[in-house]
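model-v3.txt follows (compact mmCIF, C-alpha atoms):
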```
# COMPACT_ATOMS: atom_id res chain seq x y z
CA MET A 1 -22.73 114.71 24.45
CA GLN A 2 -22.32 115.12 20.71
CA GLY A 3 -25.11 113.89 18.46
CA SER A 4 -24.84 111.67 15.43
CA ALA A 5 -24.29 113.21 12.01
CA ARG A 6 -27.73 114.25 10.78
CA ARG A 7 -29.31 113.67 7.38
CA PRO A 8 -33.02 114.08 6.65
CA GLY A 9 -34.83 110.78 7.10
CA THR A 10 -31.88 109.11 8.83
CA MET A 11 -32.09 107.41 12.24
CA THR A 12 -29.87 109.04 14.85
CA ASP A 13 -29.25 108.43 18.55
CA VAL A 14 -32.18 110.79 19.20
CA HIS A 15 -34.56 108.48 17.33
CA ARG A 16 -33.07 105.35 18.90
CA ARG A 17 -33.46 106.74 22.44
CA PHE A 18 -37.07 107.75 21.71
CA LEU A 19 -37.84 104.27 20.37
CA GLN A 20 -36.27 102.59 23.39
CA LEU A 21 -38.26 104.72 25.84
CA LEU A 22 -41.52 104.26 23.91
CA LEU A 23 -40.98 100.51 24.11
CA THR A 24 -40.65 100.87 27.90
CA HIS A 25 -43.89 102.89 28.21
CA GLY A 26 -45.97 100.77 25.80
CA VAL A 27 -48.20 103.69 24.83
CA LEU A 28 -47.90 107.48 25.13
CA GLU A 29 -50.31 110.36 24.71
CA GLU A 30 -49.19 112.86 22.07
CA ALA A 31 -48.18 115.55 24.59
CA ASP A 32 -46.06 112.99 26.47
CA ALA A 33 -44.51 111.80 23.19
CA GLN A 34 -43.54 115.38 22.37
CA ARG A 35 -41.99 115.85 25.81
CA LEU A 36 -40.09 112.58 25.39
CA GLN A 37 -38.88 113.70 21.96
CA ARG A 38 -37.57 117.01 23.38
CA HIS A 39 -35.84 115.08 26.17
CA CYS A 40 -34.09 112.84 23.61
CA TYR A 41 -32.88 115.90 21.69
CA ARG A 42 -31.52 117.47 24.89
CA VAL A 43 -29.62 114.29 25.74
CA HIS A 44 -28.20 113.48 22.31
CA ASP A 45 -28.36 116.54 20.06
CA CYS A 46 -29.15 119.70 22.02
CA GLY A 47 -28.06 122.01 19.18
CA ALA A 48 -30.49 120.57 16.62
CA PRO A 49 -33.98 121.98 15.92
CA VAL A 50 -36.70 119.63 17.16
CA GLU A 51 -38.34 117.94 14.17
CA LYS A 52 -42.12 117.78 13.83
CA LEU A 53 -43.30 114.71 15.73
CA GLY A 54 -45.02 113.19 12.69
CA ASP A 55 -41.89 113.51 10.52
CA PHE A 56 -39.74 112.26 13.39
CA ILE A 57 -41.88 109.12 13.77
CA ASN A 58 -42.00 108.57 10.00
CA THR A 59 -38.19 108.42 10.02
CA ILE A 60 -38.29 105.73 12.70
CA ASN A 61 -41.02 103.80 10.88
CA SER A 62 -39.04 103.82 7.62
CA VAL A 63 -36.33 101.84 9.42
CA LEU A 64 -38.72 99.59 11.37
CA GLU A 65 -40.69 98.66 8.24
CA SER A 66 -38.34 95.82 7.30
CA LEU A 67 -38.76 94.39 10.82
CA TYR A 68 -42.58 94.47 10.55
CA ILE A 69 -42.78 96.91 13.45
CA GLU A 70 -44.48 100.31 13.38
CA ILE A 71 -45.22 103.24 15.68
CA LYS A 72 -48.97 103.70 15.21
CA ARG A 73 -51.02 106.77 16.04
CA GLY A 74 -54.57 106.41 17.29
CA LEU A 75 -57.22 108.26 19.31
CA THR A 76 -58.65 107.38 22.69
CA GLU A 77 -62.25 106.26 22.30
CA ASP A 78 -63.62 108.33 25.18
CA ASP A 79 -62.42 111.81 24.20
CA GLY A 80 -60.18 111.59 21.13
CA ARG A 81 -56.77 112.22 22.72
CA PRO A 82 -54.00 111.25 20.24
CA VAL A 83 -51.83 108.33 21.41
CA TYR A 84 -48.83 106.44 20.01
CA ALA A 85 -47.90 102.78 20.48
CA LEU A 86 -45.24 100.47 19.09
CA VAL A 87 -47.00 97.68 17.19
CA ASN A 88 -45.46 94.39 16.07
CA LEU A 89 -47.08 93.51 12.74
CA ALA A 90 -45.44 90.09 12.45
CA THR A 91 -46.82 88.40 15.59
CA THR A 92 -50.25 88.28 17.18
CA PRO A 93 -50.70 90.55 20.21
CA ILE A 94 -51.42 87.49 22.35
CA SER A 95 -48.01 86.07 21.36
CA LYS A 96 -46.40 89.35 22.41
CA MET A 97 -48.06 89.10 25.81
CA ALA A 98 -46.77 85.53 26.30
CA SER A 99 -43.43 86.77 27.66
CA ASP A 100 -45.18 88.59 30.53
CA PHE A 101 -48.11 86.29 31.36
CA GLN A 102 -48.68 82.58 31.97
CA GLU A 103 -50.96 80.40 29.84
CA ASN A 104 -53.93 80.58 32.20
CA GLU A 105 -53.49 84.36 32.53
CA LEU A 106 -53.51 84.76 28.74
CA ASP A 107 -56.65 82.65 28.57
CA LEU A 108 -58.27 84.95 31.13
CA PHE A 109 -57.39 87.90 28.89
CA ARG A 110 -58.92 86.13 25.85
CA LYS A 111 -62.14 85.54 27.76
CA ALA A 112 -62.24 89.15 28.96
CA LEU A 113 -61.57 90.32 25.40
CA GLU A 114 -64.43 88.22 24.04
CA LEU A 115 -66.86 89.61 26.63
CA ILE A 116 -65.75 93.18 25.84
CA VAL A 117 -66.03 92.78 22.05
CA ASP A 118 -69.44 91.04 22.34
CA SER A 119 -70.93 93.63 24.71
CA ASP A 120 -73.08 96.57 23.58
CA THR A 121 -71.24 98.97 25.89
CA GLY A 122 -67.63 97.91 25.25
CA PHE A 123 -67.25 96.93 28.91
CA ALA A 124 -67.24 93.60 30.77
CA SER A 125 -67.96 93.45 34.49
CA SER A 126 -65.35 91.94 36.77
CA THR A 127 -68.06 89.55 38.03
CA ASN A 128 -68.71 88.17 34.54
CA ILE A 129 -64.99 87.79 33.85
CA LEU A 130 -64.28 86.10 37.19
CA ASN A 131 -67.17 83.68 36.67
CA LEU A 132 -65.16 82.16 33.80
CA VAL A 133 -62.06 81.20 35.82
CA ASP A 134 -63.16 77.55 36.02
CA GLN A 135 -62.94 77.34 32.22
CA LEU A 136 -59.33 78.53 31.93
CA LYS A 137 -56.64 76.47 30.23
CA GLY A 138 -53.53 75.44 32.10
CA LYS A 139 -53.03 75.81 35.84
CA LYS A 140 -56.19 76.35 37.91
CA MET A 141 -56.77 79.90 39.14
CA ARG A 142 -58.78 81.11 42.12
CA LYS A 143 -60.99 84.18 41.76
CA LYS A 144 -58.72 86.17 44.09
CA GLU A 145 -55.76 85.36 41.84
CA ALA A 146 -57.80 86.29 38.77
CA GLU A 147 -58.58 89.71 40.29
CA HIS A 148 -54.85 90.28 40.71
CA VAL A 149 -54.22 89.24 37.10
CA LEU A 150 -56.88 91.65 35.82
CA HIS A 151 -55.08 94.48 37.60
CA LYS A 152 -51.81 93.33 36.03
CA PHE A 153 -53.49 93.79 32.65
CA VAL A 154 -54.48 97.30 33.72
CA GLN A 155 -50.94 98.14 34.88
CA SER A 156 -49.55 96.83 31.58
CA LYS A 157 -52.03 99.03 29.67
CA TRP A 158 -53.90 96.18 28.00
CA LEU A 159 -57.13 96.87 29.94
CA MET A 160 -58.72 99.87 31.65
CA GLU A 161 -60.96 99.58 34.70
CA LYS A 162 -63.86 101.85 35.63
CA GLU A 163 -66.04 101.15 38.65
CA GLY A 164 -65.60 97.39 38.47
CA HIS A 165 -65.95 97.15 34.69
CA PHE A 166 -63.14 96.53 32.21
CA THR A 167 -62.57 97.69 28.64
CA LEU A 168 -59.62 97.72 26.25
CA HIS A 169 -56.85 100.28 26.76
CA SER A 170 -55.91 102.44 23.75
CA ARG A 171 -52.70 100.41 23.50
CA ALA A 172 -54.69 97.18 23.12
CA ILE A 173 -56.94 98.69 20.45
CA LEU A 174 -53.95 99.91 18.43
CA GLU A 175 -52.09 96.62 18.72
CA MET A 176 -55.06 94.25 18.46
CA GLU A 177 -57.31 95.76 15.82
CA GLN A 178 -56.28 93.32 13.06
CA TYR A 179 -56.39 90.37 15.48
CA ILE A 180 -59.90 91.31 16.65
CA ARG A 181 -61.09 91.79 13.05
CA GLU A 182 -59.91 88.28 12.22
CA MET A 183 -60.91 86.46 15.41
CA TYR A 184 -64.23 88.21 16.12
CA ALA A 185 -65.41 89.03 12.60
CA GLU A 186 -69.03 88.10 13.45
CA THR A 187 -69.36 90.25 16.57
CA MET A 188 -66.86 93.13 16.22
CA LYS A 189 -68.20 96.61 15.61
CA VAL A 190 -66.97 99.29 13.20
CA CYS A 191 -67.39 103.07 13.32
CA ASN A 192 -69.65 104.35 10.51
CA ILE A 193 -67.48 107.47 10.09
CA CYS A 194 -63.82 106.37 10.28
CA HIS A 195 -64.46 102.64 9.68
CA GLY A 196 -62.04 101.76 12.47
CA LEU A 197 -62.61 99.12 15.14
CA LEU A 198 -65.16 100.36 17.68
CA ILE A 199 -65.25 99.17 21.28
CA GLN A 200 -67.02 102.13 22.94
CA GLY A 201 -69.29 104.61 21.19
CA GLN A 202 -72.84 105.70 20.43
CA SER A 203 -75.40 103.95 18.22
CA CYS A 204 -78.47 105.00 16.25
CA GLU A 205 -81.63 103.67 17.88
CA THR A 206 -83.30 103.34 14.46
CA CYS A 207 -80.78 101.73 12.10
CA GLY A 208 -78.16 100.59 14.61
CA ILE A 209 -75.02 102.15 13.08
CA ARG A 210 -72.27 102.98 15.59
CA MET A 211 -69.84 105.86 15.91
CA HIS A 212 -66.82 106.59 18.08
CA LEU A 213 -67.41 109.46 20.51
CA PRO A 214 -64.67 111.60 18.88
CA CYS A 215 -66.25 110.91 15.47
CA VAL A 216 -69.68 111.88 16.88
CA ALA A 217 -68.17 115.12 18.21
CA LYS A 218 -66.62 116.10 14.87
CA TYR A 219 -69.49 114.94 12.66
CA PHE A 220 -72.15 116.86 14.60
CA GLN A 221 -69.90 119.80 15.55
CA ALA A 222 -71.94 122.36 13.58
CA SER A 223 -75.33 120.58 13.73
CA ALA A 224 -78.16 122.26 15.62
CA GLU A 225 -80.32 119.15 15.15
CA PRO A 226 -78.03 116.12 14.77
CA ARG A 227 -79.33 113.36 12.53
CA CYS A 228 -78.00 109.87 11.82
CA PRO A 229 -75.64 109.91 8.81
CA HIS A 230 -77.15 106.61 7.63
CA CYS A 231 -80.94 106.81 8.11
CA ASN A 232 -81.32 110.57 8.80
CA ASP A 233 -83.34 109.92 11.96
CA HIS A 234 -82.85 112.08 15.06
CA TRP A 235 -79.60 111.29 16.92
CA PRO A 236 -80.80 110.82 20.52
CA HIS A 237 -77.51 111.00 22.42
CA GLU A 238 -75.65 113.87 24.02
CA ILE A 239 -73.00 115.22 21.64
CA PRO A 240 -69.53 115.28 23.23
CA GLU A 241 -67.08 118.14 22.73
CA VAL A 242 -64.33 117.95 20.12
CA PHE A 243 -60.99 117.28 21.80
CA ASP A 244 -59.06 120.51 22.40
CA PRO A 245 -55.32 119.97 23.09
CA GLU A 246 -54.98 123.37 24.79
CA LYS A 247 -57.87 122.74 27.18
CA HIS A 248 -56.55 119.27 27.94
CA ARG A 249 -53.06 120.63 28.62
CA ASP A 250 -54.50 123.29 30.98
CA SER A 251 -56.64 120.75 32.87
CA VAL A 252 -53.71 118.34 33.26
CA GLY A 253 -51.53 121.20 34.47
CA ALA A 254 -54.17 122.28 37.00
CA ARG A 255 -54.48 118.75 38.37
CA SER A 256 -50.71 118.39 38.59
CA SER A 257 -50.33 121.66 40.50
CA LYS A 258 -52.74 120.42 43.18
CA LYS A 259 -50.74 117.28 43.84
CA PRO A 260 -48.26 117.48 46.72
CA LEU A 261 -44.65 117.32 45.64
CA ARG A 262 -42.98 114.01 46.38
CA PRO A 263 -39.37 113.86 47.47
CA ARG A 264 -37.02 112.52 44.85
CA GLN A 265 -35.81 108.99 45.28
CA HIS A 266 -32.11 108.41 44.82
```

Could you quickly redo this structure as structure tokens?
Amino acid sequence: MQGSARRPGTMTDVHRRFLQLLLTHGVLEEADAQRLQRHCYRVHDCGAPVEKLGDFINTINSVLESLYIEIKRGLTEDDGRPVYALVNLATTPISKMASDFQENELDLFRKALELIVDSDTGFASSTNILNLVDQLKGKKMRKKEAEHVLHKFVQSKWLMEKEGHFTLHSRAILEMEQYIREMYAETMKVCNICHGLLIQGQSCETCGIRMHLPCVAKYFQASAEPRCPHCNDHWPHEIPEVFDPEKHRDSVGARSSKKPLRPRQH
């Protein structure tokens, strides 16, 4: 298939296909976004050199700007993996979710979100969330139904679940940061290093400042005796490793090679 005529900074079928597939996925890690980009080039313009991902996305964003939509780049809070999500700047994230969830389901998400933002750990237990089902707006919901809805939020990449506790998915943080800053201004937390919204992280036991784990890793990378950047007291937590894309790629490849091959479905 022949590609569209190419000019620097101009949207082509390659960009349009990438945008369409990103919309389907909701959020992509950087390595997956690069694979998707290469796939779009193979389909629509196999003779063209693959543009740097950042420049490629900037071209798309220059067109989306007038529609108040943007592909945003962020980092996962646990280990700093780069991720990309398509963010609608004109509507609230809750409004965006309204096409996929009923009123009482959205209210369950709001209550889970409030528990997560208010917590010291960035997690809310399923028990605490389910105990609020009697307070939901709209149609009544049984706890068994609410459990199913929570897993729908996980499948849609709005929440993540770990051992019966829920936190925000990277997609939700990217799309909801402004909403959370406005709605939970009194209780939301901010990273002392990057000043971004913080859901999970570490905190100083003396002055109480908080830092994302990836920010902790980079800030203390060369420190033999890490000290709080605000009060200079000893930083008592274990220092995580700085994210290494090569190591991550190797570990993902090793895990994939151990999985049994599944027959293709036609």

Exercise: Pro214 in chain A partners within 8 Å, only C-alpha atoms, chain neighbours under 5 positions left out, as a ChimeraX atom specification: /A:77-80,240-243

Straight-line distance linking CA of Tyr84 in chain A with CA of Val149 in chain A, stated in Å to one decimal: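 The value is 24.8 Å.
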
Top pick for closest residue to Leu113 in chain A, considering A:Lys144, A:Arg73, A:Lys52, A:His169 and counting all atoms listed in the file: A:His169

Non-local contacts of range 174-183 of chain A (12 Å; only C-alpha atoms; under 2 positions in same chain excluded) as a PyMOL selection string: chain A and resi 26-28+69-77+82-97+110+113-114+116-118+157-159+168-172+185-190+195-199

d(CA of Ala146 in chain A, CA of Thr127 in chain A) in Å: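 Between CA of Ala146 in chain A and CA of Thr127 in chain A the gap is 10.8 Å.
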
Between CA of Phe56 in chain A and CA of Ser156 in chain A, distance in Å (one decimal):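 Result for CA of Phe56 in chain A versus CA of Ser156 in chain A: 25.8 Å, one decimal.
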
Pick from A:Thr10, A:Asn232, A:Gln20, A:Thr167 nearest to Gly122 in chain A, counting all atoms listed in the file: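 The closest residue to Gly122 in chain A is A:Thr167.
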
Given only C-alpha atoms as the counted atoms, nearest of A:Glu147, A:Val154, A:Thr121, A:Ser223 to Gly201 in chain A: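 So, comparing all the options, the nearest one is A:Thr121.
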
Nearest to Arg81 in chain A, chosen from A:Leu115, A:Leu21, A:Leu213, A:Ala224, with only C-alpha atoms counted in the distances: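 Using only C-alpha atoms, the shortest distance to Arg81 in chain A belongs to A:Leu213.
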
For Val14 in chain A, the nearest of the candidates A:Gly164, A:Pro245, A:Gly47, A:Pro236, counting only C-alpha atoms: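 Going through A:Gly164, A:Pro245, A:Gly47, A:Pro236 one by one, the smallest distance to Val14 in chain A is for A:Gly47.
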
Pick from A:Lys218, A:Leu36, A:Ser203, A:Cys191, whichever lies nearest to Thr24 in chain A using only C-alpha atoms: A:Leu36

Just need the box for range 136-154 of chain A, edges along x, y and z, holding every atom the file lists for it with 4 Å tacked onto each side, so centre and edge lengths in Å to one decimal, as AutoDock Vina command-line options.
```
--center_x -56.4 --center_y 86.4 --center_z 37.2 --size_x 17.2 --size_y 29.9 --size_z 21.9
```

Radius query 10 Å about (-36.1, 116.0, 17.6), atoms used: only C-alpha atoms, as a ChimeraX atom specification: /A:12,14-15,18,34,36-42,44-46,48-53,55-57

Any chance you can output those residues with C-alpha atoms as a short mmCIF file (atom, residue, chain, number, x, y, z; two decimals), keeping the file's coordinate frame?
```cif
data_model
loop_
_atom_site.label_atom_id
_atom_site.label_comp_id
_atom_site.auth_asym_id
_atom_site.auth_seq_id
_atom_site.Cartn_x
_atom_site.Cartn_y
_atom_site.Cartn_z
CA THR A 12 -29.87 109.04 14.85
CA VAL A 14 -32.18 110.79 19.20
CA HIS A 15 -34.56 108.48 17.33
CA PHE A 18 -37.07 107.75 21.71
CA GLN A 34 -43.54 115.38 22.37
CA LEU A 36 -40.09 112.58 25.39
CA GLN A 37 -38.88 113.70 21.96
CA ARG A 38 -37.57 117.01 23.38
CA HIS A 39 -35.84 115.08 26.17
CA CYS A 40 -34.09 112.84 23.61
CA TYR A 41 -32.88 115.90 21.69
CA ARG A 42 -31.52 117.47 24.89
CA HIS A 44 -28.20 113.48 22.31
CA ASP A 45 -28.36 116.54 20.06
CA CYS A 46 -29.15 119.70 22.02
CA ALA A 48 -30.49 120.57 16.62
CA PRO A 49 -33.98 121.98 15.92
CA VAL A 50 -36.70 119.63 17.16
CA GLU A 51 -38.34 117.94 14.17
CA LYS A 52 -42.12 117.78 13.83
CA LEU A 53 -43.30 114.71 15.73
CA ASP A 55 -41.89 113.51 10.52
CA PHE A 56 -39.74 112.26 13.39
CA ILE A 57 -41.88 109.12 13.77
#
```
